[in-house]
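Structure file work_16.cif (mmCIF, C-alpha atoms) is printed below.
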data_final
loop_
_atom_site.label_atom_id
_atom_site.label_comp_id
_atom_site.auth_asym_id
_atom_site.auth_seq_id
_atom_site.Cartn_x
_atom_site.Cartn_y
_atom_site.Cartn_z
CA MET A 1 17.59 -36.52 4.50
CA LYS A 2 18.78 -34.25 7.29
CA LYS A 3 17.03 -34.99 10.57
CA TYR A 4 19.75 -33.52 12.71
CA LEU A 5 21.26 -30.15 13.52
CA ALA A 6 24.44 -29.63 11.60
CA PHE A 7 26.73 -27.20 9.93
CA ILE A 8 28.62 -27.54 6.67
CA LEU A 9 31.66 -25.30 6.72
CA ILE A 10 32.22 -23.46 3.45
CA SER A 11 35.66 -24.34 2.10
CA LEU A 12 36.02 -22.23 -0.99
CA CYS A 13 39.13 -21.48 -3.05
CA SER A 14 41.39 -18.99 -1.34
CA PHE A 15 43.78 -17.44 -3.80
CA LYS A 16 44.45 -14.01 -5.28
CA ALA A 17 41.85 -12.54 -7.59
CA ALA A 18 40.85 -9.20 -9.02
CA ASN A 19 38.44 -6.97 -7.15
CA ALA A 20 34.74 -7.63 -7.64
CA GLN A 21 33.09 -5.67 -10.36
CA LYS A 22 30.43 -3.20 -9.31
CA ILE A 23 27.76 -4.53 -11.66
CA PHE A 24 25.85 -7.43 -10.16
CA ASN A 25 24.51 -9.93 -12.71
CA ALA A 26 21.05 -10.52 -11.23
CA ALA A 27 19.86 -12.32 -14.37
CA LYS A 28 22.56 -14.97 -13.96
CA MET A 29 21.59 -15.38 -10.30
CA ASP A 30 17.98 -15.86 -11.39
CA SER A 31 19.19 -18.51 -13.82
CA LEU A 32 21.06 -20.41 -11.11
CA LEU A 33 18.03 -20.55 -8.81
CA ALA A 34 15.69 -21.44 -11.68
CA THR A 35 18.00 -24.28 -12.70
CA LEU A 36 18.10 -25.65 -9.15
CA GLU A 37 14.31 -25.57 -8.94
CA ALA A 38 13.70 -27.03 -12.41
CA ASN A 39 15.97 -29.98 -11.64
CA ASP A 40 14.57 -30.63 -8.14
CA LYS A 41 17.86 -29.69 -6.49
CA ALA A 42 16.60 -27.04 -4.05
CA MET A 43 13.61 -24.98 -2.91
CA GLY A 44 13.88 -21.87 -0.76
CA SER A 45 14.72 -18.19 -0.75
CA LEU A 46 17.84 -16.07 -1.28
CA ALA A 47 18.57 -12.52 -0.12
CA ILE A 48 21.72 -10.47 -0.69
CA SER A 49 22.43 -7.14 0.97
CA ARG A 50 25.25 -4.64 0.51
CA ASP A 51 25.95 -1.81 2.95
CA GLY A 52 22.89 -2.90 4.91
CA LYS A 53 20.50 -2.57 1.96
CA LEU A 54 18.80 -5.45 0.16
CA ILE A 55 19.96 -5.60 -3.44
CA TYR A 56 18.54 -9.00 -4.36
CA LYS A 57 15.76 -11.24 -3.08
CA LYS A 58 14.41 -14.29 -4.85
CA PRO A 59 12.23 -17.17 -3.66
CA PHE A 60 12.12 -20.43 -5.60
CA GLY A 61 10.17 -23.64 -5.26
CA TYR A 62 7.30 -24.40 -2.90
CA ARG A 63 6.79 -23.87 0.80
CA GLN A 64 3.98 -26.41 0.62
CA ILE A 65 4.01 -29.02 -2.14
CA SER A 66 0.38 -29.99 -1.57
CA GLY A 67 -1.63 -27.16 -3.08
CA LYS A 68 1.45 -25.90 -4.94
CA ILE A 69 1.93 -22.94 -2.60
CA ARG A 70 5.14 -21.22 -3.63
CA ASN A 71 7.83 -19.69 -1.45
CA THR A 72 7.79 -15.89 -1.28
CA PRO A 73 10.43 -13.41 -0.05
CA GLU A 74 8.55 -13.35 3.27
CA THR A 75 8.39 -17.14 3.76
CA LYS A 76 9.80 -18.27 7.09
CA PHE A 77 12.05 -21.30 7.51
CA ARG A 78 13.58 -23.21 10.40
CA ILE A 79 17.19 -22.00 10.32
CA GLY A 80 18.80 -24.80 12.36
CA SER A 81 22.27 -24.05 13.65
CA ILE A 82 22.35 -20.41 12.53
CA THR A 83 20.51 -20.14 15.86
CA LYS A 84 23.94 -20.54 17.49
CA THR A 85 25.07 -17.14 16.20
CA PHE A 86 22.10 -15.55 17.97
CA THR A 87 22.86 -17.52 21.14
CA ALA A 88 26.53 -16.52 21.16
CA THR A 89 25.48 -12.88 20.71
CA ILE A 90 23.21 -13.04 23.78
CA VAL A 91 25.94 -14.71 25.87
CA LEU A 92 28.43 -11.97 24.93
CA GLN A 93 25.84 -9.33 25.82
CA LEU A 94 25.60 -10.90 29.29
CA VAL A 95 29.39 -10.85 29.55
CA GLU A 96 29.38 -7.14 28.68
CA GLU A 97 26.76 -6.62 31.39
CA GLU A 98 29.01 -8.52 33.85
CA LYS A 99 26.30 -11.10 34.49
CA LEU A 100 28.62 -13.77 33.14
CA THR A 101 32.30 -14.22 32.42
CA LEU A 102 33.86 -16.43 29.80
CA GLN A 103 35.75 -18.18 32.60
CA HIS A 104 32.61 -19.14 34.55
CA LYS A 105 32.29 -22.91 34.83
CA LEU A 106 29.37 -25.00 33.70
CA GLY A 107 29.40 -26.65 37.12
CA ALA A 108 27.97 -23.49 38.70
CA TYR A 109 24.77 -24.11 36.77
CA PHE A 110 24.57 -27.81 35.89
CA PRO A 111 27.03 -29.80 38.04
CA GLU A 112 25.47 -33.09 36.93
CA VAL A 113 26.95 -32.75 33.41
CA PRO A 114 30.25 -34.67 32.95
CA ASN A 115 33.37 -32.51 33.53
CA ALA A 116 31.09 -29.58 34.40
CA ASN A 117 33.56 -28.04 36.89
CA ALA A 118 36.29 -28.00 34.24
CA ILE A 119 34.22 -26.64 31.33
CA SER A 120 34.12 -22.86 30.86
CA ILE A 121 31.52 -20.71 29.09
CA GLU A 122 34.19 -19.93 26.50
CA GLN A 123 34.73 -23.63 25.80
CA LEU A 124 31.00 -24.11 25.30
CA LEU A 125 30.93 -21.18 22.86
CA THR A 126 33.90 -22.45 20.84
CA HIS A 127 33.03 -26.19 20.85
CA HIS A 128 36.03 -27.05 23.04
CA SER A 129 34.07 -28.63 25.93
CA GLY A 130 34.46 -32.22 24.79
CA LEU A 131 30.79 -32.91 25.53
CA TYR A 132 29.22 -35.60 23.40
CA ASN A 133 26.94 -34.28 20.66
CA PHE A 134 23.38 -34.63 21.95
CA THR A 135 21.98 -35.05 18.42
CA ASP A 136 24.10 -38.10 17.61
CA SER A 137 23.30 -41.72 18.50
CA SER A 138 19.67 -42.24 19.58
CA TYR A 139 18.44 -38.70 18.84
CA LEU A 140 16.39 -39.69 15.78
CA LYS A 141 14.40 -42.13 17.89
CA PHE A 142 12.79 -39.29 19.86
CA HIS A 143 13.40 -36.05 17.91
CA THR A 144 9.70 -35.54 17.14
CA GLN A 145 8.68 -35.87 20.81
CA PRO A 146 8.62 -32.96 23.29
CA LYS A 147 11.07 -33.16 26.17
CA THR A 148 11.55 -31.10 29.30
CA GLN A 149 14.82 -29.44 30.25
CA LYS A 150 15.29 -32.07 32.96
CA GLU A 151 14.81 -34.91 30.48
CA ILE A 152 17.35 -33.40 28.08
CA LEU A 153 19.83 -32.81 30.91
CA ASP A 154 19.41 -36.44 31.98
CA ILE A 155 20.28 -37.59 28.46
CA ILE A 156 23.30 -35.25 28.27
CA SER A 157 24.54 -36.28 31.72
CA LYS A 158 24.62 -39.95 30.77
CA GLN A 159 26.75 -39.41 27.67
CA THR A 160 30.51 -40.02 27.80
CA PRO A 161 32.61 -36.97 26.81
CA ALA A 162 34.56 -37.18 23.56
CA PHE A 163 37.69 -35.58 25.06
CA LYS A 164 38.90 -33.49 27.99
CA PRO A 165 37.79 -29.83 28.11
CA GLY A 166 40.09 -27.60 26.05
CA GLU A 167 41.97 -30.55 24.59
CA ASN A 168 40.41 -30.23 21.15
CA GLY A 169 37.68 -28.58 19.11
CA GLU A 170 34.72 -30.65 17.94
CA TYR A 171 31.24 -29.50 16.94
CA SER A 172 28.57 -30.40 19.46
CA ASN A 173 25.00 -29.14 19.71
CA THR A 174 25.12 -29.99 23.40
CA ASN A 175 27.26 -26.90 24.01
CA TYR A 176 24.61 -24.50 22.77
CA ILE A 177 21.66 -26.31 24.32
CA LEU A 178 23.43 -25.79 27.67
CA LEU A 179 24.24 -22.15 26.86
CA GLY A 180 20.53 -21.55 26.30
CA TYR A 181 19.75 -23.01 29.71
CA ILE A 182 22.48 -20.86 31.30
CA ILE A 183 21.01 -17.73 29.66
CA GLU A 184 17.67 -18.59 31.26
CA LYS A 185 19.22 -19.13 34.70
CA VAL A 186 21.24 -15.92 34.60
CA THR A 187 18.39 -13.69 33.35
CA GLY A 188 15.38 -15.38 34.91
CA LYS A 189 13.70 -15.25 31.50
CA THR A 190 13.15 -17.85 28.80
CA PHE A 191 15.51 -18.07 25.86
CA SER A 192 12.61 -16.96 23.68
CA GLU A 193 12.11 -13.81 25.77
CA ASN A 194 15.83 -13.03 25.65
CA LEU A 195 15.85 -13.46 21.88
CA LYS A 196 12.94 -11.05 21.55
CA THR A 197 14.14 -8.29 23.90
CA ARG A 198 17.87 -8.45 23.23
CA ILE A 199 17.85 -8.86 19.45
CA CYS A 200 14.52 -8.97 17.64
CA SER A 201 12.85 -5.93 19.22
CA LYS A 202 16.03 -3.87 18.89
CA LEU A 203 16.28 -4.62 15.16
CA ASN A 204 12.57 -4.85 14.37
CA LEU A 205 12.88 -8.48 13.33
CA LYS A 206 9.20 -9.34 13.09
CA ASN A 207 9.72 -12.74 11.49
CA THR A 208 12.31 -14.21 13.85
CA TYR A 209 11.32 -16.27 16.89
CA ILE A 210 11.57 -19.67 18.54
CA GLY A 211 9.58 -22.11 16.46
CA SER A 212 6.88 -24.55 17.47
CA GLY A 213 4.73 -26.73 15.23
CA ILE A 214 4.93 -25.50 11.63
CA ASN A 215 2.04 -23.14 10.88
CA PRO A 216 1.43 -22.74 7.12
CA LYS A 217 -1.18 -20.02 7.80
CA ASP A 218 1.66 -17.89 9.20
CA ASN A 219 3.72 -18.26 6.01
CA GLU A 220 5.95 -20.95 7.53
CA ALA A 221 7.43 -23.49 5.13
CA TYR A 222 7.22 -27.24 5.44
CA SER A 223 10.41 -29.15 4.69
CA TYR A 224 11.05 -31.95 2.23
CA SER A 225 13.66 -34.48 1.14
CA TYR A 226 14.02 -35.81 -2.39
CA ASP A 227 13.72 -39.56 -2.91
CA GLY A 228 15.07 -39.50 -6.45
CA ASN A 229 11.67 -38.92 -8.02
CA HIS A 230 9.56 -36.80 -5.67
CA TRP A 231 9.78 -34.31 -2.82
CA ILE A 232 8.72 -36.18 0.33
CA PRO A 233 7.50 -34.32 3.48
CA GLU A 234 9.95 -34.54 6.39
CA ASP A 235 9.04 -35.19 10.01
CA GLU A 236 9.03 -32.14 12.28
CA THR A 237 11.59 -32.02 15.09
CA ASP A 238 9.93 -30.89 18.30
CA MET A 239 11.56 -27.55 18.99
CA SER A 240 11.92 -28.25 22.72
CA LEU A 241 14.95 -30.34 21.78
CA PRO A 242 17.27 -28.10 19.70
CA GLY A 243 16.51 -24.99 21.79
CA ALA A 244 19.34 -22.45 21.69
CA ALA A 245 21.28 -24.75 19.36
CA GLY A 246 18.75 -24.70 16.53
CA ALA A 247 15.12 -23.77 17.26
CA ILE A 248 14.85 -20.34 15.58
CA VAL A 249 12.50 -19.63 12.67
CA SER A 250 13.30 -16.65 10.42
CA ASN A 251 13.33 -15.36 6.87
CA THR A 252 16.12 -14.08 4.65
CA ALA A 253 15.41 -10.36 5.13
CA ASP A 254 15.54 -10.66 8.93
CA LEU A 255 18.78 -12.62 8.81
CA THR A 256 20.50 -9.98 6.68
CA LYS A 257 19.41 -7.32 9.20
CA PHE A 258 20.73 -9.41 12.08
CA ILE A 259 24.17 -10.15 10.67
CA ASN A 260 24.61 -6.56 9.46
CA ALA A 261 23.74 -5.25 12.94
CA LEU A 262 26.09 -7.76 14.56
CA PHE A 263 29.08 -6.66 12.47
CA SER A 264 28.09 -2.99 12.82
CA GLU A 265 28.48 -3.42 16.62
CA LYS A 266 24.82 -2.63 17.28
CA LEU A 267 24.33 -5.78 19.35
CA ILE A 268 27.74 -6.32 20.94
CA ASN A 269 30.77 -4.05 21.22
CA LYS A 270 33.99 -4.16 19.21
CA SER A 271 35.88 -6.23 21.78
CA SER A 272 33.12 -8.83 21.95
CA LEU A 273 32.94 -9.04 18.17
CA ALA A 274 36.70 -9.57 18.06
CA LEU A 275 36.32 -12.46 20.53
CA MET A 276 33.46 -13.92 18.54
CA THR A 277 35.44 -13.92 15.29
CA THR A 278 38.69 -15.27 16.75
CA ILE A 279 39.06 -18.72 15.20
CA LYS A 280 40.68 -21.58 17.12
CA ASP A 281 40.81 -25.08 15.67
CA GLY A 282 38.31 -23.89 13.06
CA TYR A 283 35.78 -22.54 15.57
CA GLY A 284 34.79 -19.03 16.59
CA MET A 285 31.96 -18.22 19.00
CA GLY A 286 28.85 -19.22 17.09
CA ILE A 287 30.60 -18.45 13.82
CA PHE A 288 33.13 -19.82 11.31
CA GLN A 289 35.41 -18.39 8.66
CA ALA A 290 34.27 -18.46 5.03
CA PRO A 291 37.18 -17.72 2.67
CA PHE A 292 36.38 -16.99 -0.95
CA TYR A 293 39.34 -16.18 -3.25
CA ASP A 294 40.99 -13.22 -1.49
CA LYS A 295 37.84 -12.37 0.45
CA LYS A 296 37.56 -13.05 4.17
CA GLY A 297 34.08 -13.83 5.39
CA TYR A 298 32.28 -15.27 8.39
CA MET A 299 29.33 -17.62 8.33
CA HIS A 300 27.22 -20.31 9.91
CA ASN A 301 25.21 -23.04 8.23
CA GLY A 302 22.28 -24.98 9.57
CA GLY A 303 20.29 -28.13 8.93
CA ILE A 304 17.20 -29.46 10.67
CA ASP A 305 14.70 -31.92 9.19
CA GLY A 306 14.65 -31.05 5.47
CA PHE A 307 15.71 -27.44 6.03
CA SER A 308 19.22 -26.27 5.09
CA SER A 309 20.49 -22.75 5.59
CA SER A 310 23.54 -20.55 5.20
CA LEU A 311 24.28 -17.02 6.41
CA ALA A 312 27.55 -15.37 5.35
CA TYR A 313 29.04 -11.90 5.84
CA PHE A 314 32.08 -10.39 4.09
CA GLN A 315 33.33 -7.44 6.11
CA ASP A 316 35.40 -5.60 3.51
CA ASP A 317 32.43 -5.33 1.16
CA LYS A 318 29.70 -5.26 3.83
CA LEU A 319 28.12 -8.06 1.86
CA THR A 320 25.55 -10.45 3.32
CA VAL A 321 24.22 -13.63 1.73
CA ALA A 322 21.25 -15.38 3.37
CA LEU A 323 20.10 -18.62 1.78
CA LEU A 324 17.26 -20.59 3.38
CA THR A 325 15.93 -23.79 1.87
CA ASN A 326 13.13 -26.20 2.75
CA GLY A 327 14.25 -28.85 0.28
CA MET A 328 17.81 -29.68 -0.73
CA ALA A 329 19.10 -32.37 -3.07
CA TYR A 330 22.40 -30.68 -3.88
CA GLN A 331 25.40 -29.52 -1.87
CA MET A 332 24.93 -26.25 0.01
CA ASN A 333 28.62 -25.49 -0.45
CA ASP A 334 28.25 -25.68 -4.23
CA ILE A 335 25.23 -23.39 -4.23
CA MET A 336 26.99 -20.80 -2.07
CA LEU A 337 30.05 -21.05 -4.28
CA GLY A 338 27.81 -20.31 -7.27
CA ILE A 339 26.09 -17.38 -5.56
CA LEU A 340 29.36 -15.74 -4.55
CA SER A 341 30.98 -16.42 -7.92
CA ILE A 342 28.10 -14.71 -9.71
CA TYR A 343 28.10 -11.76 -7.31
CA TYR A 344 31.86 -11.23 -7.59
CA ASP A 345 31.85 -11.90 -11.34
CA LYS A 346 34.14 -14.93 -11.17
CA ASP A 347 34.33 -17.57 -13.88
CA TYR A 348 31.29 -19.71 -13.19
CA LYS A 349 29.05 -21.88 -15.34
CA ILE A 350 25.47 -22.64 -14.33
CA PRO A 351 25.44 -26.39 -13.59
CA GLU A 352 23.86 -28.74 -16.09
CA PHE A 353 22.02 -31.64 -14.55
CA ARG A 354 21.28 -34.95 -16.18
CA LYS A 355 17.66 -35.80 -15.59
CA ALA A 356 16.98 -38.83 -13.42
CA ILE A 357 15.11 -41.65 -15.11
CA LYS A 358 12.94 -44.40 -13.71
CA ILE A 359 14.77 -47.71 -13.67
CA ALA A 360 12.52 -50.70 -14.31
CA LYS A 361 11.52 -52.28 -11.01
CA ASN A 362 12.53 -55.74 -12.22
CA LEU A 363 16.11 -54.45 -12.63
CA LEU A 364 16.46 -52.77 -9.23
CA GLY A 365 16.90 -56.04 -7.36
CA ARG A 366 20.22 -56.78 -9.05
CA TYR A 367 21.90 -53.84 -7.33
CA GLU A 368 20.85 -54.90 -3.82
CA GLY A 369 23.46 -56.15 -1.40
CA VAL A 370 26.15 -55.26 1.09
CA TYR A 371 29.29 -53.85 -0.52
CA ALA A 372 32.74 -53.34 0.99
CA SER A 373 35.99 -51.68 -0.11
CA LYS A 374 39.52 -52.32 1.12
CA ASP A 375 40.16 -48.57 0.80
CA PHE A 376 37.02 -47.30 2.57
CA PRO A 377 36.28 -47.84 6.29
CA LEU A 378 32.48 -48.31 5.99
CA LYS A 379 30.35 -50.90 4.27
CA ILE A 380 27.49 -49.69 2.09
CA THR A 381 24.14 -51.46 1.90
CA VAL A 382 22.09 -50.93 -1.26
CA LYS A 383 18.35 -51.66 -1.06
CA LYS A 384 15.30 -51.43 -3.29
CA GLU A 385 12.67 -49.13 -1.78
CA GLY A 386 9.57 -49.11 -3.95
CA ASP A 387 10.57 -47.70 -7.33
CA HIS A 388 14.07 -46.51 -6.39
CA LEU A 389 17.29 -47.50 -4.62
CA THR A 390 18.69 -46.33 -1.32
CA ALA A 391 22.23 -46.61 0.02
CA GLN A 392 23.31 -46.67 3.64
CA ALA A 393 26.82 -46.59 5.05
CA THR A 394 27.54 -48.38 8.33
CA GLY A 395 26.17 -46.36 11.26
CA GLN A 396 24.65 -43.66 9.05
CA GLY A 397 21.20 -42.86 7.68
CA ALA A 398 19.98 -44.19 4.35
CA PHE A 399 19.90 -41.80 1.38
CA PRO A 400 18.00 -42.08 -1.93
CA LEU A 401 19.76 -42.71 -5.22
CA SER A 402 18.62 -41.07 -8.47
CA GLY A 403 19.15 -43.23 -11.53
CA ILE A 404 20.79 -41.38 -14.40
CA ASP A 405 20.94 -44.57 -16.45
CA GLU A 406 21.13 -48.28 -15.67
CA THR A 407 24.70 -48.01 -14.39
CA GLU A 408 24.96 -44.53 -12.82
CA PHE A 409 23.16 -43.44 -9.65
CA ARG A 410 23.61 -40.15 -7.79
CA PHE A 411 22.96 -38.46 -4.46
CA ASP A 412 23.65 -34.84 -5.33
CA ALA A 413 23.06 -33.54 -1.79
CA ALA A 414 26.40 -35.10 -0.83
CA GLY A 415 28.05 -35.09 -4.27
CA ILE A 416 27.98 -38.88 -4.44
CA VAL A 417 28.12 -40.77 -7.76
CA MET A 418 27.86 -44.57 -7.73
CA GLN A 419 28.84 -46.24 -11.00
CA PHE A 420 27.70 -49.88 -11.02
CA LEU A 421 29.51 -52.43 -13.16
CA VAL A 422 26.95 -54.58 -14.96
CA GLU A 423 28.29 -57.92 -16.12
CA SER A 424 27.38 -59.58 -19.43
CA ASN A 425 24.77 -61.78 -17.72
CA GLY A 426 23.11 -58.70 -16.21
CA SER A 427 24.32 -59.24 -12.63
CA VAL A 428 25.99 -56.55 -10.51
CA LYS A 429 28.87 -57.30 -8.15
CA GLN A 430 30.81 -54.02 -8.00
CA PHE A 431 30.45 -50.26 -8.06
CA HIS A 432 32.77 -47.27 -8.04
CA LEU A 433 31.95 -44.61 -5.42
CA ASN A 434 33.06 -41.14 -6.50
CA GLN A 435 32.90 -38.18 -4.09
CA GLN A 436 34.94 -34.98 -3.79
CA GLY A 437 37.52 -36.13 -6.32
CA MET A 438 38.05 -39.52 -4.64
CA SER A 439 37.12 -42.89 -6.12
CA TYR A 440 36.68 -46.23 -4.32
CA LEU A 441 35.90 -49.66 -5.72
CA PHE A 442 33.26 -51.59 -3.73
CA GLU A 443 32.57 -55.30 -4.15
CA LYS A 444 29.40 -57.13 -3.17
CA GLU A 445 29.88 -59.50 -0.24
#
Let me see the file written as structure tokens.
Amino acid sequence: MKKYLAFILISLCSFKAANAQKIFNAAKMDSLLATLEANDKAMGSLAISRDGKLIYKKPFGYRQISGKIRNTPETKFRIGSITKTFTATIVLQLVEEEKLTLQHKLGAYFPEVPNANAISIEQLLTHHSGLYNFTDSSYLKFHTQPKTQKEILDIISKQTPAFKPGENGEYSNTNYILLGYIIEKVTGKTFSENLKTRICSKLNLKNTYIGSGINPKDNEAYSYSYDGNHWIPEDETDMSLPGAAGAIVSNTADLTKFINALFSEKLINKSSLALMTTIKDGYGMGIFQAPFYDKKGYMHNGGIDGFSSSLAYFQDDKLTVALLTNGMAYQMNDIMLGILSIYYDKDYKIPEFRKAIKIAKNLLGRYEGVYASKDFPLKITVKKEGDHLTAQATGQGAFPLSGIDETEFRFDAAGIVMQFLVESNGSVKQFHLNQQGMSYLFEKE
């Protein structure tokens, strides 16, 4: 259940492979999306463009579960941190116009922020400021409530930096919230107005704007999380909080237009694009690398409430993939890997999912408890919530577990498999946690 702004960097295999075949297997792509929907793994919309032209668009699942209103190619989603790519583009436009420099210090605009006089615009863009991530800690206690710029700055100013400016690279939404405020100070216009005049109007992006309360009458999707049996509506983050770090609403067609225009130098010049795509400590300016076999791509992911999103561009092939979802119970990385494998005709098998079953309520209690492992730094608490189990690692949010049988439970959104060891008397004292090829034995305290 994602109630925070985040990115998930694509880390795909990077080794030599033959050139992609020209024939695109759209039927296999249809099959992948249909399989994800049928097994309650994802709902959303996918668009693929080549040479600036849409060659594939496919919605799947529902934008509104109540009433069974399906997603369409035009459905709009909250795109979360893909917003940062738009923000970085606007900042680089201002640099080109000599209204900003990358060396300008944050202290010229917001001196109350810790280390403001040592933090440059460039360090904000590349996540090298050291500023604490605004959406960590207590954020979920107030994320549905509107806040003024002053209130958000007060929260940011009270947070202790993670490291000295320039010392390291670490993802922080705080950087881009502040960049949005700087854009407003420099231009005298709201971030929303800058987005419209500097990007959307230029590219005729009619479905891209700063979001507010979700409006289903305007073809905006609600978001959901999966509790192991049902899609559950997510709370709505008040969009005054994520701002230039994650408040944009868009659809897949608009996003393909945007990223194509960006890499065609229609929004910023060649030098600015080179700066944007220079990677240091894993970070560019509002963008990341996305290697796939011998292909070199750039991308950004996003997550806010139950929305997950990914936008990737591969320069050599002028290929764009825009995937927006309003319900995700699988790993975004695995879906993108499948999409690219199908497009490039790599060896790829549509995943087969074992259907979750309902575990008898009288059996769920035996799994409950606090478990610890000598090889894993966090304890995991397993609880019965109604007709299913949840698990929660120390300091993290709880996530639902889908029962495959009476010993195996899964959380596919993070690739987690928990294999409980049931003793002869029916009690449970241990489980194996398997994730990303690693296995840990946990014992009940």
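With only C-alpha atoms as the atoms that count, the minimum distance from A:Leu364 to the choices A:Ser120, A:Gln436, A:Ser427, A:Ser310 is reached by A:Ser427.
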Please write the residues picked by the PyMOL selection byres ((chain A and resi 226-234) around 7) on this file as a PyMOL selection string. chain A and resi 223-225+235-236+305-306+329+400-402
Compare A:Val113, A:Gly397, A:Asp40, A:Leu140 by their minimum atom-to-atom distance to A:Ile155, counting all atoms listed in the file, and give me the closest one.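 Answer, going by the shortest atom-to-atom distance: A:Val113.
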With only C-alpha atoms as the counted atoms, please give the residues lying no more than 12 Å from A:Glu265, apart from itself and same-chain residues fewer than 5 positions off, as a PyMOL selection string. chain A and resi 89+92-93+258-260+270-274+276
Given the point (29.3, -15.6, 34.4) in the file's coordinates, find the residues that have an atom at most 10 Å from it, counting all atoms listed in the file, and give them as a ChimeraX atom specification. /A:91,94-95,97-106,108-109,120-121,182-183,186
Next, the residues of the selection above should be written as an mmCIF file, in the coordinates of the input with C-alpha atoms.
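Final output, out14.cif:
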data_model
loop_
_atom_site.group_PDB
_atom_site.id
_atom_site.type_symbol
_atom_site.label_atom_id
_atom_site.label_comp_id
_atom_site.auth_asym_id
_atom_site.auth_seq_id
_atom_site.Cartn_x
_atom_site.Cartn_y
_atom_site.Cartn_z
ATOM 1 C CA VAL A 91 25.940 -14.710 25.870
ATOM 2 C CA LEU A 94 25.600 -10.900 29.290
ATOM 3 C CA VAL A 95 29.390 -10.850 29.550
ATOM 4 C CA GLU A 97 26.760 -6.620 31.390
ATOM 5 C CA GLU A 98 29.010 -8.520 33.850
ATOM 6 C CA LYS A 99 26.300 -11.100 34.490
ATOM 7 C CA LEU A 100 28.620 -13.770 33.140
ATOM 8 C CA THR A 101 32.300 -14.220 32.420
ATOM 9 C CA LEU A 102 33.860 -16.430 29.800
ATOM 10 C CA GLN A 103 35.750 -18.180 32.600
ATOM 11 C CA HIS A 104 32.610 -19.140 34.550
ATOM 12 C CA LYS A 105 32.290 -22.910 34.830
ATOM 13 C CA LEU A 106 29.370 -25.000 33.700
ATOM 14 C CA ALA A 108 27.970 -23.490 38.700
ATOM 15 C CA TYR A 109 24.770 -24.110 36.770
ATOM 16 C CA SER A 120 34.120 -22.860 30.860
ATOM 17 C CA ILE A 121 31.520 -20.710 29.090
ATOM 18 C CA ILE A 182 22.480 -20.860 31.300
ATOM 19 C CA ILE A 183 21.010 -17.730 29.660
ATOM 20 C CA VAL A 186 21.240 -15.920 34.600
#
Can you spell out as JSON, numbers by chain the set of residues that the PyMOL selection byres ((chain A and resi 62) around 10) selects in the structure I just provided? {"A": [37, 42, 43, 44, 45, 59, 60, 61, 63, 64, 65, 66, 67, 68, 69, 70, 71, 72, 75, 221, 222, 223, 224, 325, 326, 327]}
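Evaluated against the shown file, the PyMOL selection byres ((chain A and resi 161) around 9) gives Pro114, Asn115, Ser129, Gly130, Leu131, Tyr132, Asn133, Gln159, Thr160, Ala162, Phe163, Lys164 and Pro165 of chain A.
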Of the candidates A:Gln315, A:Ser439, A:Gln149, A:Asn39, which one gets nearest to A:Arg354 if we count all atoms listed in the file?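 Of the candidates, the smallest distance to A:Arg354 is held by A:Asn39.
Interatomic distance, atom CA of A:Asp316 against atom CA of A:Ile55: 16.9 Å.
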